[in-house]
$ cat my_file03.txt   # compact mmCIF, C-alpha atoms
# COMPACT_ATOMS: atom_id res chain seq x y z
CA MET A 152 17.83 4.96 -10.00
CA PRO A 153 15.87 1.99 -8.65
CA VAL A 154 17.43 -1.32 -7.77
CA ASP A 155 15.80 -4.18 -9.66
CA ILE A 156 15.29 -7.14 -7.35
CA LYS A 157 13.58 -10.51 -7.38
CA ILE A 158 11.53 -11.53 -4.34
CA PRO A 159 10.71 -15.19 -3.68
CA VAL A 160 7.01 -15.58 -2.84
CA GLY A 161 6.08 -19.18 -2.29
CA HIS A 162 6.94 -21.28 -5.35
CA VAL A 163 7.57 -18.29 -7.65
CA SER A 164 9.52 -15.02 -7.70
CA VAL A 165 8.21 -11.55 -8.51
CA ALA A 166 10.01 -8.50 -9.84
CA ALA A 167 10.29 -5.31 -7.81
CA ASP A 168 11.82 -1.83 -8.03
CA LEU A 169 13.45 -0.60 -4.82
CA TRP A 170 14.16 3.10 -4.36
CA LEU A 171 16.00 4.35 -1.27
CA PRO A 172 16.84 8.03 -0.73
CA ASP A 173 19.73 9.02 1.50
CA SER A 174 19.01 8.33 5.18
CA PRO A 175 15.37 7.25 4.67
CA TYR A 176 12.84 7.59 7.47
CA GLY A 177 11.08 4.41 6.38
CA ILE A 178 9.98 2.42 3.37
CA VAL A 179 6.56 2.22 1.73
CA VAL A 180 5.48 -0.93 -0.08
CA PHE A 181 3.03 -0.25 -2.91
CA VAL A 182 0.28 -2.83 -3.40
CA HIS A 183 -1.27 -2.23 -6.80
CA GLY A 184 -4.84 -2.86 -7.82
CA SER A 185 -6.50 -5.27 -10.20
CA GLY A 186 -4.89 -5.56 -13.61
CA SER A 187 -2.02 -3.21 -12.71
CA SER A 188 1.68 -3.75 -11.97
CA ARG A 189 4.76 -2.16 -10.48
CA HIS A 190 4.78 0.16 -13.51
CA SER A 191 1.53 1.91 -12.45
CA PRO A 192 2.07 5.61 -13.30
CA ARG A 193 -0.20 6.68 -10.44
CA ASN A 194 1.70 4.70 -7.82
CA ARG A 195 5.02 5.81 -9.26
CA MET A 196 3.97 9.44 -9.00
CA VAL A 197 3.05 8.98 -5.32
CA ALA A 198 6.30 7.08 -4.68
CA GLU A 199 8.30 9.91 -6.21
CA ARG A 200 6.60 12.41 -3.92
CA LEU A 201 7.34 10.23 -0.91
CA ARG A 202 11.01 10.00 -1.85
CA THR A 203 11.26 13.81 -1.71
CA ARG A 204 10.10 13.44 1.91
CA ARG A 205 12.84 10.83 2.62
CA PHE A 206 10.74 7.69 2.33
CA GLY A 207 11.95 4.74 0.32
CA SER A 208 9.56 2.83 -1.89
CA LEU A 209 9.17 -0.70 -3.11
CA LEU A 210 6.95 -1.23 -6.15
CA ALA A 211 6.51 -4.94 -6.80
CA ASP A 212 4.53 -7.10 -9.14
CA LEU A 213 2.29 -9.42 -7.14
CA LEU A 214 2.14 -12.08 -9.85
CA SER A 215 4.87 -13.91 -11.73
CA PRO A 216 5.03 -13.45 -15.54
CA THR A 217 3.25 -16.77 -16.04
CA GLU A 218 0.54 -15.82 -13.56
CA GLU A 219 0.15 -12.41 -15.17
CA GLU A 220 -0.48 -14.05 -18.52
CA LEU A 221 -3.08 -16.34 -16.97
CA ASP A 222 -4.73 -13.41 -15.23
CA ARG A 223 -4.74 -11.36 -18.43
CA VAL A 224 -6.91 -14.04 -20.01
CA SER A 225 -9.08 -15.07 -17.06
CA GLY A 226 -9.00 -12.13 -14.62
CA VAL A 227 -9.12 -14.64 -11.78
CA LEU A 228 -5.94 -13.97 -9.81
CA ARG A 229 -6.38 -10.21 -9.49
CA PHE A 230 -9.32 -10.83 -7.14
CA ASP A 231 -7.66 -13.65 -5.19
CA ILE A 232 -7.18 -11.53 -2.06
CA ASP A 233 -5.77 -14.44 -0.03
CA LEU A 234 -3.05 -15.04 -2.63
CA LEU A 235 -2.24 -11.34 -2.94
CA THR A 236 -2.06 -11.00 0.84
CA GLU A 237 0.42 -13.88 1.02
CA ARG A 238 2.55 -12.13 -1.58
CA VAL A 239 2.53 -8.84 0.33
CA VAL A 240 3.47 -10.62 3.56
CA ALA A 241 6.37 -12.32 1.76
CA ILE A 242 7.56 -8.94 0.49
CA ILE A 243 7.37 -7.46 4.00
CA ASP A 244 9.36 -10.38 5.38
CA ARG A 245 11.96 -10.00 2.63
CA LEU A 246 12.56 -6.38 3.65
CA GLY A 247 13.41 -7.69 7.11
CA HIS A 248 16.26 -9.73 5.64
CA ARG A 249 17.90 -7.03 3.51
CA GLU A 250 20.75 -5.10 5.06
CA ASP A 251 19.57 -1.82 3.52
CA THR A 252 15.95 -2.10 4.73
CA VAL A 253 15.99 -4.27 7.85
CA ARG A 254 15.90 -1.29 10.24
CA LEU A 255 13.34 0.78 8.34
CA PRO A 256 9.75 1.06 9.59
CA ILE A 257 7.31 -0.14 6.95
CA GLY A 258 4.21 1.49 5.52
CA LEU A 259 1.81 0.05 2.96
CA PHE A 260 0.09 1.97 0.17
CA GLY A 261 -2.74 -0.02 -1.38
CA ALA A 262 -4.81 0.89 -4.42
CA SER A 263 -8.16 -0.56 -5.48
CA THR A 264 -8.24 -4.31 -4.70
CA GLY A 265 -4.65 -4.05 -3.50
CA ALA A 266 -5.86 -2.07 -0.49
CA ALA A 267 -7.60 -5.17 0.86
CA ALA A 268 -4.38 -7.19 0.56
CA ALA A 269 -2.44 -4.36 2.21
CA LEU A 270 -4.81 -4.24 5.17
CA LEU A 271 -4.78 -8.00 5.67
CA ALA A 272 -0.98 -8.09 5.40
CA ALA A 273 -0.77 -5.33 8.01
CA ALA A 274 -2.96 -7.42 10.30
CA ARG A 275 -0.66 -10.42 9.81
CA ARG A 276 2.53 -8.42 10.48
CA PRO A 277 1.46 -5.91 13.15
CA GLU A 278 4.98 -5.70 14.59
CA LEU A 279 6.39 -4.56 11.24
CA VAL A 280 3.75 -2.46 9.49
CA ARG A 281 3.41 0.97 11.11
CA ALA A 282 0.85 2.61 8.81
CA VAL A 283 -1.45 1.94 5.85
CA VAL A 284 -2.79 4.28 3.17
CA SER A 285 -5.56 3.21 0.77
CA ARG A 286 -6.17 5.05 -2.53
CA GLY A 287 -9.58 4.40 -4.03
CA GLY A 288 -9.41 1.09 -2.21
CA ARG A 289 -11.73 -1.84 -1.76
CA PRO A 290 -11.27 -2.48 1.97
CA ASP A 291 -14.58 -4.34 1.95
CA LEU A 292 -12.73 -7.23 0.29
CA ALA A 293 -10.76 -7.64 3.52
CA ALA A 294 -14.06 -8.63 5.18
CA ALA A 295 -13.82 -9.68 8.84
CA GLY A 296 -10.06 -9.08 8.82
CA LEU A 297 -10.60 -5.33 9.12
CA ALA A 298 -11.24 -5.61 12.84
CA THR A 299 -7.78 -7.14 13.36
CA VAL A 300 -5.80 -4.31 11.74
CA THR A 301 -3.74 -2.35 14.27
CA ALA A 302 -1.75 -0.06 11.96
CA PRO A 303 -3.11 3.49 11.68
CA THR A 304 -5.04 3.62 8.41
CA LEU A 305 -5.85 6.45 6.02
CA LEU A 306 -8.62 5.86 3.47
CA ILE A 307 -8.50 8.28 0.51
CA VAL A 308 -11.48 8.25 -1.86
CA GLY A 309 -12.68 10.45 -4.68
CA GLY A 310 -15.85 12.38 -3.92
CA ALA A 311 -17.37 11.34 -7.27
CA ASP A 312 -16.52 7.66 -6.73
CA MET A 313 -19.80 7.14 -4.95
CA GLN A 314 -19.96 3.35 -4.66
CA VAL A 315 -16.37 3.02 -3.45
CA LEU A 316 -16.87 5.95 -1.08
CA GLU A 317 -19.76 4.15 0.59
CA LEU A 318 -17.71 0.96 0.87
CA ASN A 319 -14.93 2.93 2.56
CA ARG A 320 -17.35 4.57 4.97
CA ARG A 321 -18.52 1.12 6.05
CA ALA A 322 -14.93 -0.11 6.37
CA ALA A 323 -13.98 2.88 8.50
CA ARG A 324 -16.68 1.87 10.97
CA GLN A 325 -15.28 -1.67 11.12
CA LEU A 326 -11.67 -0.71 11.71
CA ARG A 327 -10.66 -0.70 15.37
CA THR A 328 -7.44 1.23 14.91
CA VAL A 329 -6.71 4.90 14.27
CA CYS A 330 -8.55 5.60 11.02
CA ARG A 331 -9.25 8.65 8.89
CA LEU A 332 -11.39 8.90 5.77
CA ARG A 333 -10.31 11.70 3.44
CA VAL A 334 -12.47 12.59 0.44
CA ILE A 335 -10.96 14.40 -2.55
CA PRO A 336 -13.84 16.55 -3.88
CA GLU A 337 -15.06 15.75 -7.41
CA ALA A 338 -12.33 13.14 -7.97
CA THR A 339 -13.25 9.87 -9.67
CA HIS A 340 -11.84 6.40 -9.04
CA LEU A 341 -8.48 6.91 -10.78
CA PHE A 342 -7.98 10.49 -9.52
CA GLU A 343 -7.40 11.71 -13.08
CA GLU A 344 -8.79 15.20 -12.44
CA PRO A 345 -6.28 18.09 -12.29
CA GLY A 346 -4.56 18.17 -8.92
CA ALA A 347 -6.39 15.12 -7.53
CA LEU A 348 -3.47 12.69 -7.55
CA GLU A 349 -1.16 15.38 -6.20
CA GLU A 350 -3.55 15.75 -3.27
CA VAL A 351 -3.49 11.98 -2.73
CA ALA A 352 0.33 12.06 -2.66
CA GLU A 353 0.36 14.93 -0.18
CA GLN A 354 -2.15 13.26 2.13
CA ALA A 355 -0.17 10.01 2.00
CA ALA A 356 3.11 11.79 2.72
CA GLU A 357 1.63 13.52 5.76
CA TRP A 358 0.23 10.22 7.06
CA PHE A 359 3.53 8.40 6.71
CA GLU A 360 5.40 11.32 8.24
CA THR A 361 3.10 11.07 11.23
CA TYR A 362 3.55 7.33 11.77
CA LEU A 363 6.89 6.35 10.18
CA SER A 364 9.20 9.28 10.88
CA PRO A 365 11.78 9.31 13.72
CA ALA A 366 9.52 11.70 15.63
CA ALA A 367 6.75 9.09 15.54
CA SER A 368 9.06 6.40 16.90
CA SER A 369 10.36 8.61 19.68
CA SER A 370 6.82 9.41 20.82
CA GLU A 371 5.83 5.75 21.22
CA PRO A 372 5.52 4.58 24.82
CA GLY A 373 8.48 2.58 26.07

$ encode --input "my_file03.txt" --output "structure tokens"
Amino acid sequence: MPVDIKIPVGHVSVAADLWLPDSPYGIVVFVHGSGSSRHSPRNRMVAERLRTRRFGSLLADLLSPTEEELDRVSGVLRFDIDLLTERVVAIIDRLGHREDTVRLPIGLFGASTGAAAALLAAARRPELVRAVVSRGGRPDLAAAGLATVTAPTLLIVGGADMQVLELNRRAARQLRTVCRLRVIPEATHLFEEPGALEEVAEQAAEWFETYLSPAASSSEPG
């Protein structure tokens, strides 16, 4: 069962669900996309797959209840990448102060607009974030910050999501770190086709195993 926690982020607090398997290799923070929340069924499915591979997960709302209500009416905050990045950074820092997560390497899994916030947060906390995975992401919204990302980054895009695929191809050329672009054939933006989301989860698990597992840490130069 998840642990329900509150995370202070600036002048507000946000709700989060923390799942930790026995002896986790690391923890993955999920950064949801526009109009979504910690209850995203797609992110929860990926998180469940990661837990079977001994990775913890933190699924957090990026807005307070009051902000969510404002955003539901105006749609303004969901595209405020600077604000969302600040929230993700605060969540990362909070993990460094919890006894059960302080020693765990951190990965970020960003979806849609949340991928931009994940990449910028990784750039701001390079000593903490070991890897980033983007699902149907909008890394173009990270703009010039892409060149400052040092965490190995996996960009997963549906083959039928043509506009987003092109944006990810451009972003891959801007990133100066280890980067891979993986295309799921015939998948659309939400990966609703049979087997598509399962493939996303498998690709993400392999990426995090490569860069967050004990074997990854032991292979780093001393």

$ closest_atom_pairs --input "my_file03.txt" --of "range 235-270 of chain A" --to "range 307-321 of chain A" --cutoff "12 Å" --atoms "only C-alpha atoms" --output "tab-separated table"
residue	atom	partner	partner_atom	distance
A:Phe260	CA	A:Ile307	CA	10.7
A:Gly261	CA	A:Ile307	CA	10.3
A:Ala262	CA	A:Ile307	CA	9.6
A:Ser263	CA	A:Val315	CA	9.2
A:Thr264	CA	A:Val315	CA	11.0
A:Ala266	CA	A:Ile307	CA	10.7
A:Ala267	CA	A:Asn319	CA	11.1

$ write_last_selection --input "my_file03.txt" --atoms "C-alpha atoms" --output "PDB file, in the coordinates of the input"
ATOM      1  CA  PHE A 260       0.090   1.970   0.170  1.00  0.00           C
ATOM      2  CA  GLY A 261      -2.740  -0.020  -1.380  1.00  0.00           C
ATOM      3  CA  ALA A 262      -4.810   0.890  -4.420  1.00  0.00           C
ATOM      4  CA  SER A 263      -8.160  -0.560  -5.480  1.00  0.00           C
ATOM      5  CA  THR A 264      -8.240  -4.310  -4.700  1.00  0.00           C
ATOM      6  CA  ALA A 266      -5.860  -2.070  -0.490  1.00  0.00           C
ATOM      7  CA  ALA A 267      -7.600  -5.170   0.860  1.00  0.00           C
TER       8      ALA A 267
END

$ atom_distance --input "my_file03.txt" --atom1 "CA of Arg229 in chain A" --atom2 "CA of Tyr362 in chain A"
29.3 Å

$ atom_distance --input "my_file03.txt" --atom1 "CA of Pro175 in chain A" --atom2 "CA of Glu237 in chain A"
26.1 Å

$ axis_aligned_box --input "my_file03.txt" --around "range 338-350 of chain A" --padding-each-side "3 Å" --output "AutoDock Vina command-line options"
--center_x -7.2 --center_y 12.3 --center_z -8.2 --size_x 18.1 --size_y 17.8 --size_z 15.8

$ residues_around --input "my_file03.txt" --residues "Glu353 in chain A" --least-positions-apart "3" --cutoff "12 Å" --atoms "all atoms listed in the file" --output "ChimeraX atom specification"
/A:196-204,284,307,333,335,346-350,356-360

$ atom_distance --input "my_file03.txt" --atom1 "CA of Arg276 in chain A" --atom2 "CA of His190 in chain A"
25.6 Å

$ residues_around --input "my_file03.txt" --residues "Glu219 in chain A" --least-positions-apart "3" --cutoff "10 Å" --atoms "only C-alpha atoms" --output "ChimeraX atom specification"
/A:186-188,212-216,222-226,228-229

$ closest_atom_pairs --input "my_file03.txt" --of "range 252-297 of chain A" --to "range 239-247 of chain A" --cutoff "12 Å" --atoms "all atoms listed in the file" --output "Markdown table"
| residue | atom | partner | partner_atom | distance |
| --- | --- | --- | --- | --- |
| A:Thr252 | CA | A:Leu246 | CA | 5.6 |
| A:Val253 | CA | A:Gly247 | CA | 4.3 |
| A:Arg254 | CA | A:Gly247 | CA | 7.5 |
| A:Leu255 | CA | A:Gly247 | CA | 8.6 |
| A:Pro256 | CA | A:Gly247 | CA | 9.8 |
| A:Ile257 | CA | A:Ile243 | CA | 7.9 |
| A:Gly258 | CA | A:Ile243 | CA | 9.6 |
| A:Leu259 | CA | A:Val239 | CA | 9.3 |
| A:Phe260 | CA | A:Val239 | CA | 11.1 |
| A:Gly261 | CA | A:Val239 | CA | 10.4 |
| A:Gly265 | CA | A:Val239 | CA | 9.4 |
| A:Ala266 | CA | A:Val239 | CA | 10.8 |
| A:Ala267 | CA | A:Val239 | CA | 10.8 |
| A:Ala268 | CA | A:Val239 | CA | 7.1 |
| A:Ala269 | CA | A:Val239 | CA | 7.0 |
| A:Leu270 | CA | A:Val239 | CA | 9.9 |
| A:Leu271 | CA | A:Val240 | CA | 8.9 |
| A:Ala272 | CA | A:Val240 | CA | 5.4 |
| A:Ala273 | CA | A:Val240 | CA | 8.1 |
| A:Ala274 | CA | A:Val240 | CA | 9.8 |
| A:Arg275 | CA | A:Val240 | CA | 7.5 |
| A:Arg276 | CA | A:Val240 | CA | 7.3 |
| A:Pro277 | CA | A:Val240 | CA | 10.9 |
| A:Glu278 | CA | A:Ile243 | CA | 11.0 |
| A:Leu279 | CA | A:Ile243 | CA | 7.9 |
| A:Val280 | CA | A:Ile243 | CA | 8.3 |
| A:Arg281 | CA | A:Ile243 | CA | 11.7 |

$ closest_residue --input "my_file03.txt" --among "A:Val329, A:Leu221, A:Ala295, A:Val154" --to "Gly207 in chain A" --atoms "all atoms listed in the file"
A:Val154

$ residues_around --input "my_file03.txt" --residues "Lys157 in chain A" --least-positions-apart "4" --cutoff "7 Å" --atoms "all atoms listed in the file" --output "PyMOL selection string"
chain A and resi 164-167

$ decode --input "my_file03.txt" --residues "range 188-215 of chain A" --atoms "C-alpha atoms" --output "mmCIF file, in the first residue's frame"
data_model
loop_
_atom_site.group_PDB
_atom_site.id
_atom_site.type_symbol
_atom_site.label_atom_id
_atom_site.label_comp_id
_atom_site.auth_asym_id
_atom_site.auth_seq_id
_atom_site.Cartn_x
_atom_site.Cartn_y
_atom_site.Cartn_z
ATOM 1 C CA SER A 188 -2.708 14.267 -11.400
ATOM 2 C CA ARG A 189 -1.075 11.639 -9.230
ATOM 3 C CA HIS A 190 -4.063 9.408 -10.033
ATOM 4 C CA SER A 191 -3.100 9.099 -13.733
ATOM 5 C CA PRO A 192 -3.869 5.461 -14.665
ATOM 6 C CA ARG A 193 -1.081 5.445 -17.246
ATOM 7 C CA ASN A 194 1.571 6.599 -14.805
ATOM 8 C CA ARG A 195 0.277 4.240 -12.138
ATOM 9 C CA MET A 196 0.556 1.318 -14.533
ATOM 10 C CA VAL A 197 4.186 2.203 -15.301
ATOM 11 C CA ALA A 198 4.916 2.707 -11.590
ATOM 12 C CA GLU A 199 3.508 -0.726 -10.813
ATOM 13 C CA ARG A 200 5.773 -2.300 -13.416
ATOM 14 C CA LEU A 201 8.775 -0.488 -11.966
ATOM 15 C CA ARG A 202 7.966 -1.745 -8.473
ATOM 16 C CA THR A 203 8.179 -5.335 -9.740
ATOM 17 C CA ARG A 204 11.746 -4.440 -10.758
ATOM 18 C CA ARG A 205 12.516 -3.083 -7.245
ATOM 19 C CA PHE A 206 12.103 0.616 -7.941
ATOM 20 C CA GLY A 207 10.091 2.802 -5.614
ATOM 21 C CA SER A 208 7.761 5.422 -7.007
ATOM 22 C CA LEU A 209 6.470 8.795 -5.951
ATOM 23 C CA LEU A 210 3.345 10.055 -7.701
ATOM 24 C CA ALA A 211 2.624 13.622 -6.642
ATOM 25 C CA ASP A 212 0.177 16.318 -7.545
ATOM 26 C CA LEU A 213 2.052 19.379 -8.763
ATOM 27 C CA LEU A 214 -0.700 21.811 -7.780
ATOM 28 C CA SER A 215 -2.505 22.380 -4.501
#
